[in-house]
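**Student:** Just passing along the structure, written as structure tokens.
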Amino acid sequence: DANGYRLPTEAEWEYAARGGEDYIYVGSNDLNEVGWYDENSGSKTHGVGQKKSNGYGLYDMSGNVLEWCFDSYDSSRRVRRGGSWRNDAYYCEVSCRDGNFPSRRYYGFGVRLFRSVPLRP
């Protein structure tokens, strides 16, 4: 019911990440084409859009930074998706999920804000 920008639900995040395609990573089966991870990142984040986008034109949803979702992972942690520059390839797969405490801050965590669009009558 949010009328502004918000964290995506986990289902919304995965739908956007898949981009209407069926790849292991967001936009490709080759992570080097679409994401920054432990083997190619140089141990740092990178500016958005330097790698290939997915079918919806979205960048950096595999690797670069883990993205928070609105959903709970368990009773005290929130879902994160996408992997980061510090993770191995497994954590960058579209299907991979993990959780962490919402109060935890780290330079490998980020957000991708979504916005609800009102339905037309």
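Numbering starts fresh at 1 for the residues of each chain in the structure tokens, the chains themselves are lettered A, B, ... in the order given, and ligands are numbered from 1 as they appear.
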If we count only C-alpha atoms and set the cut-off at 12 Å, which residues sit around Asn32 of chain A, ignoring sequence neighbours fewer than 3 positions away in its own chain? Please answer as a list in words.
**Tutor:**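 Neighbouring residues, sequence-local ones excluded: Tyr25, Val26, Gly27, Ser28, Asn29, Gly35, Trp36, Tyr37, Asp38, Glu39, Asn40, Ser41, Gln50, Lys51, Lys52, Asp60, Ser62, Gly63, Asn64, Trp85, Asp88, Ala89 and Cys92 of chain A.
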**Student:** Counting only C-alpha atoms, what are the residues of segment 4-81 of chain A within 12 Å of segment 112-121 of chain A, and for each of them which pair of atoms is the nearest and at what distance in Å, to one decimal? Sort the table by chain and rising number, as JSON lines.
**Tutor:**
```
{"residue": "A:Gly4", "atom": "CA", "partner": "A:Arg115", "partner_atom": "CA", "distance": 5.7}
{"residue": "A:Tyr5", "atom": "CA", "partner": "A:Arg115", "partner_atom": "CA", "distance": 4.6}
{"residue": "A:Arg6", "atom": "CA", "partner": "A:Leu113", "partner_atom": "CA", "distance": 5.3}
{"residue": "A:Leu7", "atom": "CA", "partner": "A:Leu113", "partner_atom": "CA", "distance": 5.2}
{"residue": "A:Pro8", "atom": "CA", "partner": "A:Phe114", "partner_atom": "CA", "distance": 5.6}
{"residue": "A:Thr9", "atom": "CA", "partner": "A:Phe114", "partner_atom": "CA", "distance": 9.1}
{"residue": "A:Glu10", "atom": "CA", "partner": "A:Phe114", "partner_atom": "CA", "distance": 11.5}
{"residue": "A:Glu12", "atom": "CA", "partner": "A:Phe114", "partner_atom": "CA", "distance": 8.8}
{"residue": "A:Trp13", "atom": "CA", "partner": "A:Arg112", "partner_atom": "CA", "distance": 8.7}
{"residue": "A:Ala16", "atom": "CA", "partner": "A:Phe114", "partner_atom": "CA", "distance": 10.1}
{"residue": "A:Ala17", "atom": "CA", "partner": "A:Arg112", "partner_atom": "CA", "distance": 11.1}
{"residue": "A:Val48", "atom": "CA", "partner": "A:Arg112", "partner_atom": "CA", "distance": 11.6}
{"residue": "A:Leu58", "atom": "CA", "partner": "A:Arg112", "partner_atom": "CA", "distance": 10.5}
{"residue": "A:Tyr59", "atom": "CA", "partner": "A:Arg112", "partner_atom": "CA", "distance": 10.6}
{"residue": "A:Asp60", "atom": "CA", "partner": "A:Arg112", "partner_atom": "CA", "distance": 10.1}
{"residue": "A:Met61", "atom": "CA", "partner": "A:Arg112", "partner_atom": "CA", "distance": 8.9}
{"residue": "A:Val65", "atom": "CA", "partner": "A:Arg112", "partner_atom": "CA", "distance": 10.0}
{"residue": "A:Leu66", "atom": "CA", "partner": "A:Arg112", "partner_atom": "CA", "distance": 9.6}
{"residue": "A:Glu67", "atom": "CA", "partner": "A:Arg112", "partner_atom": "CA", "distance": 6.4}
{"residue": "A:Trp68", "atom": "CA", "partner": "A:Arg112", "partner_atom": "CA", "distance": 7.6}
{"residue": "A:Cys69", "atom": "CA", "partner": "A:Arg112", "partner_atom": "CA", "distance": 8.5}
{"residue": "A:Phe70", "atom": "CA", "partner": "A:Leu113", "partner_atom": "CA", "distance": 10.4}
{"residue": "A:Arg80", "atom": "CA", "partner": "A:Arg112", "partner_atom": "CA", "distance": 10.9}
{"residue": "A:Arg81", "atom": "CA", "partner": "A:Arg112", "partner_atom": "CA", "distance": 10.5}
```
**Student:** Put those residues in a file: N, CA and C atoms, as a compact mmCIF listing (two decimals), in the first residue's frame.
**Tutor:**
```txt
# COMPACT_ATOMS: atom_id res chain seq x y z
N GLY A 4 4.89 5.71 -2.23
CA GLY A 4 6.16 6.32 -2.61
C GLY A 4 7.19 5.24 -2.86
N TYR A 5 8.44 5.56 -2.67
CA TYR A 5 9.51 4.60 -2.88
C TYR A 5 9.64 3.70 -1.66
N ARG A 6 10.02 2.44 -1.92
CA ARG A 6 10.08 1.45 -0.86
C ARG A 6 11.01 0.31 -1.26
N LEU A 7 11.34 -0.53 -0.30
CA LEU A 7 12.07 -1.75 -0.62
C LEU A 7 11.13 -2.70 -1.37
N PRO A 8 11.67 -3.45 -2.31
CA PRO A 8 10.81 -4.43 -3.00
C PRO A 8 10.55 -5.64 -2.11
N THR A 9 9.43 -6.30 -2.36
CA THR A 9 9.27 -7.61 -1.74
C THR A 9 10.27 -8.54 -2.41
N GLU A 10 10.51 -9.67 -1.81
CA GLU A 10 11.43 -10.62 -2.41
C GLU A 10 10.93 -11.11 -3.77
N GLU A 12 9.01 -9.42 -5.88
CA GLU A 12 9.19 -8.32 -6.83
C GLU A 12 10.65 -8.23 -7.27
N TRP A 13 11.57 -8.37 -6.31
CA TRP A 13 12.99 -8.33 -6.64
C TRP A 13 13.33 -9.42 -7.64
N ALA A 16 11.92 -8.74 -11.18
CA ALA A 16 12.72 -7.72 -11.86
C ALA A 16 14.08 -8.28 -12.27
N ALA A 17 14.69 -9.07 -11.39
CA ALA A 17 16.00 -9.65 -11.69
C ALA A 17 15.95 -10.60 -12.88
N VAL A 48 27.26 1.86 -11.44
CA VAL A 48 26.19 1.11 -12.08
C VAL A 48 26.26 1.26 -13.60
N LEU A 58 17.72 -3.58 -16.55
CA LEU A 58 18.22 -3.33 -15.20
C LEU A 58 19.66 -3.83 -15.07
N TYR A 59 20.47 -3.07 -14.38
CA TYR A 59 21.89 -3.36 -14.22
C TYR A 59 22.22 -3.77 -12.79
N ASP A 60 23.29 -4.52 -12.66
CA ASP A 60 23.94 -4.78 -11.37
C ASP A 60 23.04 -5.44 -10.33
N MET A 61 22.18 -6.34 -10.75
CA MET A 61 21.37 -7.08 -9.78
C MET A 61 22.05 -8.40 -9.40
N VAL A 65 26.55 -5.03 -5.05
CA VAL A 65 26.13 -4.94 -3.65
C VAL A 65 24.93 -5.85 -3.41
N LEU A 66 24.87 -6.44 -2.23
CA LEU A 66 23.68 -7.19 -1.81
C LEU A 66 22.54 -6.20 -1.63
N GLU A 67 21.35 -6.56 -2.08
CA GLU A 67 20.22 -5.65 -2.02
C GLU A 67 19.19 -6.12 -1.00
N TRP A 68 18.80 -5.21 -0.12
CA TRP A 68 17.80 -5.50 0.90
C TRP A 68 16.43 -5.64 0.27
N CYS A 69 15.65 -6.56 0.79
CA CYS A 69 14.24 -6.71 0.42
C CYS A 69 13.39 -6.46 1.66
N PHE A 70 12.12 -6.20 1.44
CA PHE A 70 11.20 -5.92 2.54
C PHE A 70 10.92 -7.15 3.41
N ARG A 80 18.16 -10.50 1.87
CA ARG A 80 19.06 -9.81 0.95
C ARG A 80 19.20 -10.67 -0.30
N ARG A 81 19.35 -10.05 -1.44
CA ARG A 81 19.45 -10.80 -2.70
C ARG A 81 20.56 -10.21 -3.57
```
**Student:** Work out how far apart atom CA of Glu93 of chain A and atom CA of Asp22 of chain A are and give it in Å to one decimal.
**Tutor:**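 One can read the atom CA of Glu93 of chain A to atom CA of Asp22 of chain A distance as 11.4 Å.
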**Student:** Restricting the calculation to only C-alpha atoms: of A:Arg86, A:Phe101, A:Cys96, A:Lys44, which residue gets closest to Asp74 of chain A?
**Tutor:**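 Of A:Arg86, A:Phe101, A:Cys96, A:Lys44, the one nearest Asp74 of chain A, counting only C-alpha atoms, is A:Phe101.
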**Student:** Any idea what the distance is between atom CA of Asn54 of chain A and atom CA of Gly82 of chain A?
**Tutor:**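 These atoms are spaced 13.2 Å apart.
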**Student:** According to DSSP computed on the backbone, where in chain A is there helix (DSSP H, G or I)? Give the residues as an mmCIF file with N, CA and C atoms, in the first residue's frame.
**Tutor:**
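The new file states_33.cif reads:
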```cif
data_model
loop_
_atom_site.group_PDB
_atom_site.id
_atom_site.type_symbol
_atom_site.label_atom_id
_atom_site.label_comp_id
_atom_site.auth_asym_id
_atom_site.auth_seq_id
_atom_site.Cartn_x
_atom_site.Cartn_y
_atom_site.Cartn_z
ATOM 1 N N GLU A 10 10.509 -9.669 -1.806
ATOM 2 C CA GLU A 10 11.435 -10.623 -2.407
ATOM 3 C C GLU A 10 10.928 -11.106 -3.773
ATOM 4 N N ALA A 11 9.627 -11.326 -3.897
ATOM 5 C CA ALA A 11 9.047 -11.766 -5.174
ATOM 6 C C ALA A 11 9.210 -10.677 -6.245
ATOM 7 N N GLU A 12 9.011 -9.417 -5.879
ATOM 8 C CA GLU A 12 9.194 -8.323 -6.834
ATOM 9 C C GLU A 12 10.650 -8.233 -7.267
ATOM 10 N N TRP A 13 11.566 -8.374 -6.308
ATOM 11 C CA TRP A 13 12.988 -8.326 -6.635
ATOM 12 C C TRP A 13 13.327 -9.419 -7.645
ATOM 13 N N GLU A 14 12.884 -10.644 -7.384
ATOM 14 C CA GLU A 14 13.218 -11.751 -8.286
ATOM 15 C C GLU A 14 12.581 -11.570 -9.662
ATOM 16 N N TYR A 15 11.358 -11.096 -9.718
ATOM 17 C CA TYR A 15 10.698 -10.840 -10.998
ATOM 18 C C TYR A 15 11.509 -9.825 -11.810
ATOM 19 N N ALA A 16 11.919 -8.744 -11.184
ATOM 20 C CA ALA A 16 12.724 -7.721 -11.856
ATOM 21 C C ALA A 16 14.082 -8.283 -12.268
ATOM 22 N N ALA A 17 14.690 -9.073 -11.394
ATOM 23 C CA ALA A 17 16.005 -9.647 -11.689
ATOM 24 C C ALA A 17 15.947 -10.600 -12.879
ATOM 25 N N ARG A 18 14.929 -11.417 -12.943
ATOM 26 C CA ARG A 18 14.810 -12.372 -14.061
ATOM 27 C C ARG A 18 14.629 -11.652 -15.393
ATOM 28 N N LEU A 31 28.607 -14.811 -15.365
ATOM 29 C CA LEU A 31 28.600 -13.725 -14.373
ATOM 30 C C LEU A 31 29.538 -12.583 -14.757
ATOM 31 N N ASN A 32 30.637 -12.878 -15.431
ATOM 32 C CA ASN A 32 31.556 -11.812 -15.833
ATOM 33 C C ASN A 32 30.910 -10.799 -16.769
ATOM 34 N N GLU A 33 29.876 -11.200 -17.504
ATOM 35 C CA GLU A 33 29.180 -10.278 -18.401
ATOM 36 C C GLU A 33 28.285 -9.293 -17.659
ATOM 37 N N VAL A 34 27.774 -9.705 -16.499
ATOM 38 C CA VAL A 34 26.723 -8.913 -15.844
ATOM 39 C C VAL A 34 27.009 -8.468 -14.413
ATOM 40 N N ALA A 89 30.573 -16.616 -6.917
ATOM 41 C CA ALA A 89 29.531 -16.646 -7.952
ATOM 42 C C ALA A 89 28.205 -17.212 -7.445
ATOM 43 N N TYR A 90 28.240 -18.203 -6.561
ATOM 44 C CA TYR A 90 27.003 -18.816 -6.065
ATOM 45 C C TYR A 90 26.059 -17.773 -5.475
ATOM 46 N N TYR A 91 26.566 -16.851 -4.676
ATOM 47 C CA TYR A 91 25.729 -15.850 -4.017
ATOM 48 C C TYR A 91 25.147 -14.826 -4.994
ATOM 49 N N CYS A 92 25.667 -14.779 -6.213
ATOM 50 C CA CYS A 92 25.179 -13.848 -7.227
ATOM 51 C C CYS A 92 24.097 -14.449 -8.119
#
```
**Student:** Nearest to Tyr73 of chain A among A:Tyr106, A:Gly20, A:Asp98, A:Val111, with distances taken over only C-alpha atoms: which residue is it?
**Tutor:**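 Checking each of A:Tyr106, A:Gly20, A:Asp98, A:Val111 against Tyr73 of chain A, counting only C-alpha atoms, the winner is A:Asp98.
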**Student:** Could you please write out, as a PDB file with N, CA and C atoms, in the first residue's frame, every residue of segment 43-103 of chain A that DSSP assigns to strand (DSSP E or B)?
**Tutor:**
```pdb
ATOM      1  N   LEU A  66      24.866  -6.437  -2.230  1.00  0.00           N
ATOM      2  CA  LEU A  66      23.679  -7.186  -1.813  1.00  0.00           C
ATOM      3  C   LEU A  66      22.537  -6.202  -1.629  1.00  0.00           C
ATOM      4  N   GLU A  67      21.352  -6.565  -2.080  1.00  0.00           N
ATOM      5  CA  GLU A  67      20.219  -5.650  -2.022  1.00  0.00           C
ATOM      6  C   GLU A  67      19.191  -6.123  -0.998  1.00  0.00           C
ATOM      7  N   TRP A  68      18.800  -5.208  -0.118  1.00  0.00           N
ATOM      8  CA  TRP A  68      17.804  -5.501   0.901  1.00  0.00           C
ATOM      9  C   TRP A  68      16.427  -5.644   0.271  1.00  0.00           C
ATOM     10  N   CYS A  69      15.650  -6.564   0.787  1.00  0.00           N
ATOM     11  CA  CYS A  69      14.235  -6.713   0.416  1.00  0.00           C
ATOM     12  C   CYS A  69      13.386  -6.458   1.658  1.00  0.00           C
ATOM     13  N   PHE A  70      12.121  -6.205   1.443  1.00  0.00           N
ATOM     14  CA  PHE A  70      11.198  -5.921   2.537  1.00  0.00           C
ATOM     15  C   PHE A  70      10.922  -7.147   3.406  1.00  0.00           C
ATOM     16  N   ASP A  71      10.930  -8.336   2.806  1.00  0.00           N
ATOM     17  CA  ASP A  71      10.525  -9.555   3.502  1.00  0.00           C
ATOM     18  C   ASP A  71      11.480  -9.972   4.614  1.00  0.00           C
ATOM     19  N   SER A  72      10.926 -10.668   5.586  1.00  0.00           N
ATOM     20  CA  SER A  72      11.722 -11.243   6.668  1.00  0.00           C
ATOM     21  C   SER A  72      12.319 -12.563   6.220  1.00  0.00           C
ATOM     22  N   ARG A  78      16.285  -9.745   7.825  1.00  0.00           N
ATOM     23  CA  ARG A  78      15.596  -9.351   6.591  1.00  0.00           C
ATOM     24  C   ARG A  78      16.331  -9.979   5.398  1.00  0.00           C
ATOM     25  N   VAL A  79      15.586 -10.274   4.337  1.00  0.00           N
ATOM     26  CA  VAL A  79      16.143 -10.905   3.129  1.00  0.00           C
ATOM     27  C   VAL A  79      17.069  -9.949   2.390  1.00  0.00           C
ATOM     28  N   ARG A  80      18.165 -10.505   1.869  1.00  0.00           N
ATOM     29  CA  ARG A  80      19.063  -9.805   0.950  1.00  0.00           C
ATOM     30  C   ARG A  80      19.203 -10.674  -0.297  1.00  0.00           C
ATOM     31  N   ARG A  81      19.351 -10.046  -1.445  1.00  0.00           N
ATOM     32  CA  ARG A  81      19.455 -10.796  -2.696  1.00  0.00           C
ATOM     33  C   ARG A  81      20.557 -10.212  -3.574  1.00  0.00           C
ATOM     34  N   ARG A  97      19.424 -16.613  -1.932  1.00  0.00           N
ATOM     35  CA  ARG A  97      18.893 -15.657  -0.965  1.00  0.00           C
ATOM     36  C   ARG A  97      19.590 -15.864   0.365  1.00  0.00           C
ATOM     37  N   ASP A  98      19.700 -14.817   1.125  1.00  0.00           N
ATOM     38  CA  ASP A  98      20.193 -14.937   2.493  1.00  0.00           C
ATOM     39  C   ASP A  98      19.581 -13.829   3.320  1.00  0.00           C
ATOM     40  N   GLY A  99      19.956 -13.771   4.588  1.00  0.00           N
ATOM     41  CA  GLY A  99      19.377 -12.766   5.463  1.00  0.00           C
ATOM     42  C   GLY A  99      20.417 -12.161   6.378  1.00  0.00           C
ATOM     43  N   ASN A 100      20.104 -10.982   6.870  1.00  0.00           N
ATOM     44  CA  ASN A 100      20.962 -10.330   7.846  1.00  0.00           C
ATOM     45  C   ASN A 100      20.090  -9.391   8.673  1.00  0.00           C
TER      46      ASN A 100
END
```
**Student:** With only C-alpha atoms as the basis for distance, which of A:Glu21, A:Ser103, A:Asn87, A:Tyr56 is at the shortest distance from Ser43 of chain A?
**Tutor:**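 Checking each candidate against Ser43 of chain A, we get A:Asn87 as the closest.
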**Student:** Can you work out which one of A:Asn3, A:Gly108, A:Gly19, A:Ser95 has the shortest atom-to-atom distance to Gly57 of chain A, counting only C-alpha atoms?
**Tutor:** A:Gly19
**Student:** Could you jot down the atom CA of Ile24 of chain A to atom CA of Arg104 of chain A separation for me, Å, one decimal place?
**Tutor:**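 Answer for the atom CA of Ile24 of chain A to atom CA of Arg104 of chain A separation: 27.9 Å.
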